[in-house]
Amino acid sequence: MVSQTHTTHDKSDDATTDLDQSESALETARRQLRSAATHIDIDSSIVERLKYPKKVHEVTVPIKRDDGTVEVFTGYRAQHDSVRGPFKGGLRYHPEVTRDECVGLGMWMTWKCAVMDLPFGGAKGGIAVNPKELSPEEKERLTRRFAQELRDVIGPNQDIPAPDMGTDPQTMAWLMDAYSMQEGETTPGVVTGKPPVVGGSKGREEAPGRSVAIITRLVCEYYDRQLEETTVAVQGYGSVGANAARLLDDWGATVVAISDVNGAMYDPAGIDTASVPSHDEEPEAVTKYAESVISNDELLTLDVDVLIPAALGNVITTENAGAISADFVIEGANGPTTSAADSILAERDIAVIPDILANAGGVTVSYFEWLQDINRRAWSLERVNDELDAEMQAAWDAVRGEFEQRDVTWRDAAYIVALSRIAEAHEARGLWP
Ligand code: NAD
């Protein structure tokens with residue numbers, strides 16, 4: 001996983017921010033909420049409620065280090081909104097995890113689940129720790145103790161964590177085991193992103209990249225482009241970037257550039273994506289295998305049809321937005337386009353398909369995993385991929401409907417779909433008591 005690029009600031013909702021670089025996840029989430037609310041007829045009290053998390057849990061997580069000393073870490077779980085179903089979202093282990101970051105990213109999850117029409121609300125959590133400084137045993141003890149501290153507030157019908165930065169399927173297996181031990185029954189549905197042998201879903205790892213590829217295909221169809229005549233540049237060759245690039249390559253597109261942290265491989269004739277190891281298979285192998293290397297900055301401004309930023313946030317800024325030559329930007333990473341750059345791209349008529357739709361395959365297959373767990377029945381990979389395709393098509397159709405009906409960007413259209421669904425659910429349920 002790449003490091004977090006959203007800086008966190010202790011700023012109020014109305015604080016002015018430099019929209020190009022320094023917006024926190026919380027500010028972004030609230031700005032998107034305000035922006036979507038201006039387009040639809042929605043009760044202002046619902047918008048007010050959605051500005052805040054329902055609950056934020058802060059816990060201390062003491063563990064015994066391998067040298068016998070005891071160290072205490074701080075963990076969080078921010079639960080934003082559950083009007084449509086249990087909370088859902090990742091747990092990250094990263095030194096910069098803060099309360100506000102968890103709240104902001106939890107809100108993003110609310111919008112993402114709603115745009116995909118999944119019966120979940122949004123949450124995010126984590127521990128402020130550098131996982132690289134922990135031995136596997138220490139990480140296991142930390143995870144089990146964290147599970148215990150969160151036990152009352154998570155559960156298959158309450159809040160379902162998943163892997164995020166610094167956590168992985170093994171972390172989820174420990175969390176599920178610790179929870180199950182205390183509950184006295186095996187409860188696979190308490191987390192998603194587990195190894196398949198303990199209830200994880202086939203196809204979960206490649207799902208975010210697959211959804212990016214599916215959305216790219218749908219965009220090409222919508223704009224009457226043949227995939228066979230489409231050139232693609234992908235920044236980042238990790239879980240999201242490599243899976244998206246390989247699928248698009250398989251489907252006939254010409255992938256002309258891919259990159260890792262050190263630079264980009266560029267071949268106008270097309271790259272054989274299967275022959276280049278992904279970040280997972282061999283870290284930072286792209287530049288090692290490349291005959292000609294260009295910089296990551298150059299990759300972003302290549303004259304291609306489709307640009308897929310799939311490495312990290314805030315890479316398309318006011319510095320380079322004027323030079324982006326692609327017709328379509330499909331956001332594989334979370335938050336790759338700053339707000340100011342987004343406006344420039346909109347003025348230049350470059351279609352930007354937002355992260356909450358494009359990379360939502362991960363949470364969608366997490367939903368499939370949860371269904372498999374509560375039904376105690378594993379799906380085939382073919383079924384997972386077919387159902388993911390159907391969910392992406394349905395979400396695309398809903399977003400396209402708003403895009404066509406209103407004079408808005410694809411990003412606004414996606415947030416309008418999400419907010420409308422959440423607002424309708426709030427209206428139907430009412431405010432208790
Ligand atoms: P990853 O660690 O598997 O791969 C990251 C890739 O980006 C690597 O190829 C790395 O070399 C490259 N990279 C790192 N720093 C870079 C830099 N400064 N410039 C250019 N390239 C750089 O990560 P991932 O899981 O593919 O995640 C990528 C993005 O997608 C992140 O923003 C993440 O939040 C988002 N995302 C991931 C998932 C998921 O489930 N994996 C789901 C949704 C969104």
# chains A, B, ... in the order shown; residues from 1 in each chain; ligands from 1
call {"tool": "select_by_dssp", "arguments": {"residues": "range 159-368 of chain A", "states": "strand (DSSP E or B)", "output": "number ranges by chain"}}
result
A: 159-163, 231-235, 254-260, 263-266, 293-294, 306-309, 316, 328-330, 337, 351-353
call {"tool": "residues_near_ligand", "arguments": {"ligand": "ligand 1", "cutoff": "8 Å", "atoms": "only C-alpha atoms and all ligand atoms", "output": "PDB file with N, CA, C and O atoms, in the first residue's frame"}}
result
ATOM      1  N   MET A   1       0.837  -1.193   0.000  1.00  0.00           N
ATOM      2  CA  MET A   1       0.000   0.000   0.000  1.00  0.00           C
ATOM      3  C   MET A   1       0.875   1.248   0.000  1.00  0.00           C
ATOM      4  O   MET A   1       1.944   1.265   0.589  1.00  0.00           O
ATOM      5  N   VAL A   2       0.405   2.283  -0.641  1.00  0.00           N
ATOM      6  CA  VAL A   2       1.166   3.515  -0.654  1.00  0.00           C
ATOM      7  C   VAL A   2       0.818   4.351   0.564  1.00  0.00           C
ATOM      8  O   VAL A   2      -0.192   4.144   1.195  1.00  0.00           O
ATOM      9  N   SER A   3       1.673   5.305   0.866  1.00  0.00           N
ATOM     10  CA  SER A   3       1.405   6.053   2.090  1.00  0.00           C
ATOM     11  C   SER A   3       0.284   7.060   1.881  1.00  0.00           C
ATOM     12  O   SER A   3       0.013   7.519   0.778  1.00  0.00           O
ATOM     13  N   GLN A   4      -0.354   7.404   2.967  1.00  0.00           N
ATOM     14  CA  GLN A   4      -1.490   8.314   2.964  1.00  0.00           C
ATOM     15  C   GLN A   4      -1.052   9.699   2.513  1.00  0.00           C
ATOM     16  O   GLN A   4      -0.037  10.219   2.953  1.00  0.00           O
ATOM     17  N   PRO A 163      -9.492  -4.830   5.303  1.00  0.00           N
ATOM     18  CA  PRO A 163      -8.098  -4.364   5.258  1.00  0.00           C
ATOM     19  C   PRO A 163      -7.988  -2.979   4.627  1.00  0.00           C
ATOM     20  O   PRO A 163      -8.836  -2.572   3.839  1.00  0.00           O
ATOM     21  N   ASP A 164      -6.938  -2.297   4.972  1.00  0.00           N
ATOM     22  CA  ASP A 164      -6.649  -0.973   4.421  1.00  0.00           C
ATOM     23  C   ASP A 164      -5.131  -0.838   4.470  1.00  0.00           C
ATOM     24  O   ASP A 164      -4.420  -1.833   4.591  1.00  0.00           O
ATOM     25  N   MET A 165      -4.634   0.386   4.430  1.00  0.00           N
ATOM     26  CA  MET A 165      -3.179   0.578   4.487  1.00  0.00           C
ATOM     27  C   MET A 165      -2.559  -0.103   5.717  1.00  0.00           C
ATOM     28  O   MET A 165      -3.038   0.104   6.832  1.00  0.00           O
ATOM     29  N   GLU A 205      -9.159  -9.601  -3.971  1.00  0.00           N
ATOM     30  CA  GLU A 205      -7.924  -8.837  -4.160  1.00  0.00           C
ATOM     31  C   GLU A 205      -7.951  -7.991  -5.434  1.00  0.00           C
ATOM     32  O   GLU A 205      -7.571  -6.829  -5.431  1.00  0.00           O
ATOM     33  N   GLU A 206      -8.413  -8.610  -6.522  1.00  0.00           N
ATOM     34  CA  GLU A 206      -8.338  -7.879  -7.802  1.00  0.00           C
ATOM     35  C   GLU A 206      -9.572  -7.029  -8.071  1.00  0.00           C
ATOM     36  O   GLU A 206      -9.643  -6.345  -9.105  1.00  0.00           O
ATOM     37  N   ALA A 207     -10.536  -7.036  -7.134  1.00  0.00           N
ATOM     38  CA  ALA A 207     -11.814  -6.369  -7.423  1.00  0.00           C
ATOM     39  C   ALA A 207     -11.717  -4.856  -7.677  1.00  0.00           C
ATOM     40  O   ALA A 207     -12.358  -4.363  -8.612  1.00  0.00           O
ATOM     41  N   PRO A 208     -10.916  -4.078  -6.904  1.00  0.00           N
ATOM     42  CA  PRO A 208     -10.877  -2.639  -7.204  1.00  0.00           C
ATOM     43  C   PRO A 208     -10.321  -2.366  -8.605  1.00  0.00           C
ATOM     44  O   PRO A 208     -10.848  -1.522  -9.339  1.00  0.00           O
ATOM     45  N   GLY A 209      -9.280  -3.112  -9.002  1.00  0.00           N
ATOM     46  CA  GLY A 209      -8.725  -2.940 -10.348  1.00  0.00           C
ATOM     47  C   GLY A 209      -9.721  -3.387 -11.407  1.00  0.00           C
ATOM     48  O   GLY A 209      -9.850  -2.766 -12.469  1.00  0.00           O
ATOM     49  N   GLN A 235      -0.967   5.042 -13.844  1.00  0.00           N
ATOM     50  CA  GLN A 235       0.053   5.383 -12.844  1.00  0.00           C
ATOM     51  C   GLN A 235      -0.090   4.450 -11.645  1.00  0.00           C
ATOM     52  O   GLN A 235      -1.149   4.374 -11.032  1.00  0.00           O
ATOM     53  N   GLY A 236       0.991   3.743 -11.304  1.00  0.00           N
ATOM     54  CA  GLY A 236       0.942   2.780 -10.197  1.00  0.00           C
ATOM     55  C   GLY A 236       0.655   1.412 -10.763  1.00  0.00           C
ATOM     56  O   GLY A 236      -0.279   1.245 -11.562  1.00  0.00           O
ATOM     57  N   TYR A 237       1.482   0.425 -10.375  1.00  0.00           N
ATOM     58  CA  TYR A 237       1.271  -0.923 -10.895  1.00  0.00           C
ATOM     59  C   TYR A 237       1.096  -1.889  -9.733  1.00  0.00           C
ATOM     60  O   TYR A 237       1.712  -2.934  -9.654  1.00  0.00           O
ATOM     61  N   GLY A 238       0.236  -1.479  -8.791  1.00  0.00           N
ATOM     62  CA  GLY A 238      -0.035  -2.311  -7.618  1.00  0.00           C
ATOM     63  C   GLY A 238      -1.347  -3.035  -7.779  1.00  0.00           C
ATOM     64  O   GLY A 238      -1.778  -3.357  -8.889  1.00  0.00           O
ATOM     65  N   SER A 239      -1.989  -3.270  -6.649  1.00  0.00           N
ATOM     66  CA  SER A 239      -3.230  -4.032  -6.651  1.00  0.00           C
ATOM     67  C   SER A 239      -4.249  -3.423  -7.618  1.00  0.00           C
ATOM     68  O   SER A 239      -4.839  -4.128  -8.444  1.00  0.00           O
ATOM     69  N   VAL A 240      -4.438  -2.113  -7.558  1.00  0.00           N
ATOM     70  CA  VAL A 240      -5.441  -1.475  -8.413  1.00  0.00           C
ATOM     71  C   VAL A 240      -4.912  -1.325  -9.845  1.00  0.00           C
ATOM     72  O   VAL A 240      -5.556  -1.763 -10.807  1.00  0.00           O
ATOM     73  N   GLY A 241      -3.732  -0.709  -9.987  1.00  0.00           N
ATOM     74  CA  GLY A 241      -3.215  -0.376 -11.313  1.00  0.00           C
ATOM     75  C   GLY A 241      -2.924  -1.597 -12.172  1.00  0.00           C
ATOM     76  O   GLY A 241      -3.306  -1.639 -13.354  1.00  0.00           O
ATOM     77  N   ALA A 242      -2.250  -2.602 -11.613  1.00  0.00           N
ATOM     78  CA  ALA A 242      -1.868  -3.765 -12.427  1.00  0.00           C
ATOM     79  C   ALA A 242      -3.101  -4.565 -12.843  1.00  0.00           C
ATOM     80  O   ALA A 242      -3.200  -5.005 -13.997  1.00  0.00           O
ATOM     81  N   SER A 259       3.498   2.494 -14.326  1.00  0.00           N
ATOM     82  CA  SER A 259       4.599   3.064 -13.541  1.00  0.00           C
ATOM     83  C   SER A 259       4.694   2.489 -12.141  1.00  0.00           C
ATOM     84  O   SER A 259       3.746   1.883 -11.626  1.00  0.00           O
ATOM     85  N   ASP A 260       5.853   2.688 -11.528  1.00  0.00           N
ATOM     86  CA  ASP A 260       6.012   2.456 -10.102  1.00  0.00           C
ATOM     87  C   ASP A 260       6.571   3.741  -9.507  1.00  0.00           C
ATOM     88  O   ASP A 260       6.659   4.762 -10.189  1.00  0.00           O
ATOM     89  N   VAL A 261       6.973   3.672  -8.242  1.00  0.00           N
ATOM     90  CA  VAL A 261       7.399   4.893  -7.564  1.00  0.00           C
ATOM     91  C   VAL A 261       8.615   5.542  -8.233  1.00  0.00           C
ATOM     92  O   VAL A 261       8.812   6.746  -8.166  1.00  0.00           O
ATOM     93  N   ASN A 262       9.414   4.743  -8.949  1.00  0.00           N
ATOM     94  CA  ASN A 262      10.654   5.271  -9.539  1.00  0.00           C
ATOM     95  C   ASN A 262      10.509   5.837 -10.949  1.00  0.00           C
ATOM     96  O   ASN A 262      11.450   6.423 -11.473  1.00  0.00           O
ATOM     97  N   GLY A 263       9.376   5.620 -11.592  1.00  0.00           N
ATOM     98  CA  GLY A 263       9.201   6.136 -12.948  1.00  0.00           C
ATOM     99  C   GLY A 263       8.261   5.257 -13.738  1.00  0.00           C
ATOM    100  O   GLY A 263       7.669   4.311 -13.198  1.00  0.00           O
ATOM    101  N   SER A 278       3.629  -7.156 -11.102  1.00  0.00           N
ATOM    102  CA  SER A 278       2.932  -6.116 -10.349  1.00  0.00           C
ATOM    103  C   SER A 278       3.704  -5.848  -9.054  1.00  0.00           C
ATOM    104  O   SER A 278       4.618  -6.599  -8.697  1.00  0.00           O
ATOM    105  N   HIS A 279       3.308  -4.801  -8.350  1.00  0.00           N
ATOM    106  CA  HIS A 279       3.963  -4.423  -7.095  1.00  0.00           C
ATOM    107  C   HIS A 279       3.982  -5.595  -6.111  1.00  0.00           C
ATOM    108  O   HIS A 279       4.963  -5.826  -5.405  1.00  0.00           O
ATOM    109  N   ASP A 280       2.889  -6.338  -6.106  1.00  0.00           N
ATOM    110  CA  ASP A 280       2.749  -7.489  -5.219  1.00  0.00           C
ATOM    111  C   ASP A 280       3.710  -8.612  -5.612  1.00  0.00           C
ATOM    112  O   ASP A 280       4.304  -9.272  -4.758  1.00  0.00           O
ATOM    113  N   PRO A 283       8.086  -5.969  -6.023  1.00  0.00           N
ATOM    114  CA  PRO A 283       7.967  -4.523  -5.807  1.00  0.00           C
ATOM    115  C   PRO A 283       8.892  -3.709  -6.718  1.00  0.00           C
ATOM    116  O   PRO A 283      10.038  -4.079  -6.934  1.00  0.00           O
ATOM    117  N   GLU A 284       8.338  -2.630  -7.230  1.00  0.00           N
ATOM    118  CA  GLU A 284       9.053  -1.659  -8.072  1.00  0.00           C
ATOM    119  C   GLU A 284       9.790  -2.328  -9.238  1.00  0.00           C
ATOM    120  O   GLU A 284      10.930  -1.987  -9.561  1.00  0.00           O
ATOM    121  N   VAL A 286       8.585  -2.342 -12.404  1.00  0.00           N
ATOM    122  CA  VAL A 286       8.232  -1.718 -13.686  1.00  0.00           C
ATOM    123  C   VAL A 286       9.453  -1.052 -14.315  1.00  0.00           C
ATOM    124  O   VAL A 286       9.803  -1.313 -15.471  1.00  0.00           O
ATOM    125  N   ASN A 296       7.000   9.891 -13.701  1.00  0.00           N
ATOM    126  CA  ASN A 296       5.580   9.791 -13.372  1.00  0.00           C
ATOM    127  C   ASN A 296       4.834  11.050 -13.796  1.00  0.00           C
ATOM    128  O   ASN A 296       3.670  10.977 -14.180  1.00  0.00           O
ATOM    129  N   ALA A 310      -3.566   5.450 -10.390  1.00  0.00           N
ATOM    130  CA  ALA A 310      -3.902   4.338  -9.491  1.00  0.00           C
ATOM    131  C   ALA A 310      -2.788   4.105  -8.475  1.00  0.00           C
ATOM    132  O   ALA A 310      -2.525   2.978  -8.072  1.00  0.00           O
ATOM    133  N   ALA A 311      -2.114   5.193  -8.083  1.00  0.00           N
ATOM    134  CA  ALA A 311      -1.030   5.026  -7.117  1.00  0.00           C
ATOM    135  C   ALA A 311      -1.354   5.717  -5.797  1.00  0.00           C
ATOM    136  O   ALA A 311      -1.392   5.090  -4.746  1.00  0.00           O
ATOM    137  N   LEU A 312      -1.577   7.014  -5.850  1.00  0.00           N
ATOM    138  CA  LEU A 312      -1.794   7.759  -4.611  1.00  0.00           C
ATOM    139  C   LEU A 312      -2.606   9.027  -4.868  1.00  0.00           C
ATOM    140  O   LEU A 312      -2.904   9.351  -6.019  1.00  0.00           O
ATOM    141  N   GLY A 313      -2.965   9.707  -3.793  1.00  0.00           N
ATOM    142  CA  GLY A 313      -3.833  10.877  -3.891  1.00  0.00           C
ATOM    143  C   GLY A 313      -3.090  12.135  -4.324  1.00  0.00           C
ATOM    144  O   GLY A 313      -1.859  12.198  -4.299  1.00  0.00           O
ATOM    145  N   GLY A 332      -8.477   5.536 -10.143  1.00  0.00           N
ATOM    146  CA  GLY A 332      -8.245   4.247  -9.504  1.00  0.00           C
ATOM    147  C   GLY A 332      -7.852   4.430  -8.047  1.00  0.00           C
ATOM    148  O   GLY A 332      -8.322   3.732  -7.165  1.00  0.00           O
ATOM    149  N   ALA A 333      -6.970   5.397  -7.802  1.00  0.00           N
ATOM    150  CA  ALA A 333      -6.577   5.713  -6.419  1.00  0.00           C
ATOM    151  C   ALA A 333      -7.702   6.492  -5.751  1.00  0.00           C
ATOM    152  O   ALA A 333      -8.629   6.963  -6.423  1.00  0.00           O
ATOM    153  N   ASN A 334      -7.621   6.624  -4.438  1.00  0.00           N
ATOM    154  CA  ASN A 334      -8.573   7.479  -3.739  1.00  0.00           C
ATOM    155  C   ASN A 334      -8.066   8.914  -3.780  1.00  0.00           C
ATOM    156  O   ASN A 334      -6.921   9.182  -3.420  1.00  0.00           O
ATOM    157  N   GLY A 335      -8.910   9.819  -4.257  1.00  0.00           N
ATOM    158  CA  GLY A 335      -8.579  11.249  -4.245  1.00  0.00           C
ATOM    159  C   GLY A 335      -7.359  11.645  -5.054  1.00  0.00           C
ATOM    160  O   GLY A 335      -6.557  12.445  -4.601  1.00  0.00           O
ATOM    161  N   PRO A 336      -7.185  11.144  -6.290  1.00  0.00           N
ATOM    162  CA  PRO A 336      -5.994  11.535  -7.059  1.00  0.00           C
ATOM    163  C   PRO A 336      -6.074  12.951  -7.629  1.00  0.00           C
ATOM    164  O   PRO A 336      -5.055  13.511  -8.005  1.00  0.00           O
ATOM    165  N   ASP A 355     -13.428   8.292  -8.003  1.00  0.00           N
ATOM    166  CA  ASP A 355     -13.013   7.128  -7.219  1.00  0.00           C
ATOM    167  C   ASP A 355     -14.168   6.376  -6.570  1.00  0.00           C
ATOM    168  O   ASP A 355     -14.184   5.150  -6.572  1.00  0.00           O
ATOM    169  N   ASN A 359     -13.360   2.767  -8.247  1.00  0.00           N
ATOM    170  CA  ASN A 359     -12.632   1.717  -7.509  1.00  0.00           C
ATOM    171  C   ASN A 359     -13.507   1.010  -6.475  1.00  0.00           C
ATOM    172  O   ASN A 359     -12.999   0.307  -5.595  1.00  0.00           O
ATOM    173  N   ALA A 360     -14.826   1.145  -6.611  1.00  0.00           N
ATOM    174  CA  ALA A 360     -15.748   0.572  -5.608  1.00  0.00           C
ATOM    175  C   ALA A 360     -15.886  -0.945  -5.721  1.00  0.00           C
ATOM    176  O   ALA A 360     -16.640  -1.554  -4.954  1.00  0.00           O
ATOM    177  N   GLY A 361     -15.166  -1.558  -6.638  1.00  0.00           N
ATOM    178  CA  GLY A 361     -15.231  -3.020  -6.734  1.00  0.00           C
ATOM    179  C   GLY A 361     -14.772  -3.702  -5.455  1.00  0.00           C
ATOM    180  O   GLY A 361     -15.260  -4.781  -5.109  1.00  0.00           O
ATOM    181  N   GLY A 362     -13.848  -3.063  -4.730  1.00  0.00           N
ATOM    182  CA  GLY A 362     -13.338  -3.661  -3.486  1.00  0.00           C
ATOM    183  C   GLY A 362     -14.443  -3.825  -2.461  1.00  0.00           C
ATOM    184  O   GLY A 362     -14.673  -4.925  -1.947  1.00  0.00           O
ATOM    185  N   VAL A 363     -15.159  -2.753  -2.189  1.00  0.00           N
ATOM    186  CA  VAL A 363     -16.208  -2.848  -1.165  1.00  0.00           C
ATOM    187  C   VAL A 363     -17.386  -3.685  -1.689  1.00  0.00           C
ATOM    188  O   VAL A 363     -18.076  -4.356  -0.908  1.00  0.00           O
TER     189      VAL A 363
END
call {"tool": "closest_atom_pairs", "arguments": {"of": "range 90-159 of chain A", "to": "range 43-57 of chain A", "cutoff": "12 Å", "atoms": "only C-alpha atoms", "output": "Markdown table"}}
result
| residue | atom | partner | partner_atom | distance |
| --- | --- | --- | --- | --- |
| A:Thr98 | CA | A:Val56 | CA | 11.2 |
| A:Arg99 | CA | A:Val56 | CA | 7.7 |
| A:Asp100 | CA | A:Val56 | CA | 9.5 |
| A:Glu101 | CA | A:Val56 | CA | 11.3 |
| A:Cys102 | CA | A:Val56 | CA | 8.6 |
| A:Val103 | CA | A:Pro53 | CA | 6.4 |
| A:Gly104 | CA | A:Pro53 | CA | 8.8 |
| A:Leu105 | CA | A:Pro53 | CA | 10.7 |
| A:Gly106 | CA | A:Pro53 | CA | 8.1 |
| A:Met107 | CA | A:Pro53 | CA | 7.7 |
| A:Trp108 | CA | A:Leu50 | CA | 11.2 |
| A:Met109 | CA | A:Pro53 | CA | 11.8 |
| A:Thr110 | CA | A:Leu50 | CA | 9.5 |
| A:Trp111 | CA | A:Leu50 | CA | 10.5 |
| A:Gly121 | CA | A:Lys54 | CA | 10.7 |
| A:Gly122 | CA | A:Pro53 | CA | 9.3 |
| A:Ala123 | CA | A:Pro53 | CA | 8.7 |
| A:Lys124 | CA | A:Val56 | CA | 9.6 |
| A:Gly125 | CA | A:His57 | CA | 8.9 |
| A:Gly126 | CA | A:His57 | CA | 10.6 |
| A:Ile127 | CA | A:His57 | CA | 11.7 |
| A:Phe146 | CA | A:His57 | CA | 11.6 |
| A:Glu149 | CA | A:His57 | CA | 9.5 |
| A:Leu150 | CA | A:His57 | CA | 8.1 |
| A:Arg151 | CA | A:His57 | CA | 11.3 |
| A:Asp152 | CA | A:His57 | CA | 10.6 |
| A:Val153 | CA | A:His57 | CA | 8.5 |
| A:Ile154 | CA | A:His57 | CA | 10.9 |
| A:Asp159 | CA | A:Lys55 | CA | 11.7 |
call {"tool": "closest_residue", "arguments": {"among": "A:Glu282, A:Ala264, A:Ile350, A:Gly90", "to": "Ser295 in chain A", "atoms": "only C-alpha atoms"}}
result
A:Ala264
call {"tool": "closest_atom_pairs", "arguments": {"of": "range 188-296 of chain A", "to": "range 397-419 of chain A", "cutoff": "10 Å", "atoms": "only C-alpha atoms", "output": "CSV"}}
result
residue,atom,partner,partner_atom,distance
A:Leu218,CA,A:Asp397,CA,9.6
A:Val219,CA,A:Arg400,CA,9.9
A:Tyr222,CA,A:Arg400,CA,9.2
call {"tool": "residues_around", "arguments": {"residues": "Lys194 in chain A", "least_positions_apart": "5", "cutoff": "7 Å", "atoms": "only C-alpha atoms", "output": "count of residues only"}}
result
6
call {"tool": "atom_distance", "arguments": {"atom1": "CA of Ala147 in chain A", "atom2": "CA of Val70 in chain A"}}
result
18.0 Å
call {"tool": "closest_residue", "arguments": {"among": "A:Thr231, A:Leu248, A:Arg383, A:Gly322", "to": "Ile344 in chain A", "atoms": "only C-alpha atoms"}}
result
A:Gly322
call {"tool": "closest_residue", "arguments": {"among": "A:Leu91, A:Leu300, A:Ala390, A:Ala395", "to": "Thr167 in chain A", "atoms": "only C-alpha atoms"}}
result
A:Leu91
call {"tool": "closest_residue", "arguments": {"among": "A:Ala290, A:Thr338, A:Gln182, A:Pro156", "to": "Glu27 in chain A", "atoms": "only C-alpha atoms"}}
result
A:Thr338
call {"tool": "residues_around", "arguments": {"residues": "Ala128 in chain A", "least_positions_apart": "4", "cutoff": "12 Å", "atoms": "only C-alpha atoms", "output": "PyMOL selection string"}}
result
chain A and resi 58-61+72-77+91-99+101-102+142+146+165-166
call {"tool": "residues_around", "arguments": {"residues": "Ala326 in chain A", "least_positions_apart": "3", "cutoff": "6 Å", "atoms": "only C-alpha atoms", "output": "ChimeraX atom specification"}}
result
/A:303-307
call {"tool": "select_by_dssp", "arguments": {"residues": "range 365-433 of chain A", "states": "helix (DSSP H, G or I)", "output": "PyMOL selection string"}}
result
chain A and resi 365-375+381-405+410-429
call {"tool": "residues_around", "arguments": {"residues": "Leu302 in chain A", "least_positions_apart": "4", "cutoff": "8 Å", "atoms": "only C-alpha atoms", "output": "PDB file with all heavy atoms, in the first residue's frame"}}
result
ATOM      1  N   ALA A 233      -2.926   5.017 -20.137  1.00  0.00           N
ATOM      2  CA  ALA A 233      -1.735   5.162 -19.278  1.00  0.00           C
ATOM      3  C   ALA A 233      -2.177   4.950 -17.834  1.00  0.00           C
ATOM      4  O   ALA A 233      -3.193   5.506 -17.402  1.00  0.00           O
ATOM      5  CB  ALA A 233      -1.133   6.556 -19.440  1.00  0.00           C
ATOM      6  N   GLU A 298       5.548  12.889 -16.407  1.00  0.00           N
ATOM      7  CA  GLU A 298       5.342  12.789 -17.866  1.00  0.00           C
ATOM      8  C   GLU A 298       4.206  11.825 -18.188  1.00  0.00           C
ATOM      9  O   GLU A 298       3.420  12.071 -19.097  1.00  0.00           O
ATOM     10  CB  GLU A 298       6.637  12.326 -18.553  1.00  0.00           C
ATOM     11  CG  GLU A 298       7.705  13.410 -18.631  1.00  0.00           C
ATOM     12  CD  GLU A 298       9.028  12.858 -19.143  1.00  0.00           C
ATOM     13  OE1 GLU A 298       9.722  12.154 -18.372  1.00  0.00           O
ATOM     14  OE2 GLU A 298       9.360  13.126 -20.309  1.00  0.00           O
ATOM     15  N   ILE A 324      -2.910  17.960 -18.895  1.00  0.00           N
ATOM     16  CA  ILE A 324      -3.432  16.592 -19.062  1.00  0.00           C
ATOM     17  C   ILE A 324      -4.003  16.482 -20.485  1.00  0.00           C
ATOM     18  O   ILE A 324      -4.811  17.313 -20.901  1.00  0.00           O
ATOM     19  CB  ILE A 324      -4.557  16.293 -18.023  1.00  0.00           C
ATOM     20  CG1 ILE A 324      -4.052  16.442 -16.587  1.00  0.00           C
ATOM     21  CG2 ILE A 324      -5.195  14.913 -18.272  1.00  0.00           C
ATOM     22  CD1 ILE A 324      -3.140  15.377 -16.063  1.00  0.00           C
ATOM     23  N   SER A 325      -3.568  15.450 -21.215  1.00  0.00           N
ATOM     24  CA  SER A 325      -4.002  15.346 -22.614  1.00  0.00           C
ATOM     25  C   SER A 325      -5.030  14.240 -22.833  1.00  0.00           C
ATOM     26  O   SER A 325      -5.553  14.090 -23.942  1.00  0.00           O
ATOM     27  CB  SER A 325      -2.801  15.063 -23.519  1.00  0.00           C
ATOM     28  OG  SER A 325      -1.788  15.993 -23.266  1.00  0.00           O
ATOM     29  N   ALA A 326      -5.287  13.440 -21.789  1.00  0.00           N
ATOM     30  CA  ALA A 326      -6.254  12.353 -21.942  1.00  0.00           C
ATOM     31  C   ALA A 326      -7.663  12.925 -22.093  1.00  0.00           C
ATOM     32  O   ALA A 326      -7.947  14.033 -21.629  1.00  0.00           O
ATOM     33  CB  ALA A 326      -6.196  11.445 -20.711  1.00  0.00           C
TER      34      ALA A 326
END
call {"tool": "atom_distance", "arguments": {"atom1": "CA of Asp267 in chain A", "atom2": "CA of Thr216 in chain A"}}
result
20.4 Å
call {"tool": "atom_distance", "arguments": {"atom1": "CA of Ala257 in chain A", "atom2": "CA of Pro354 in chain A"}}
result
21.0 Å
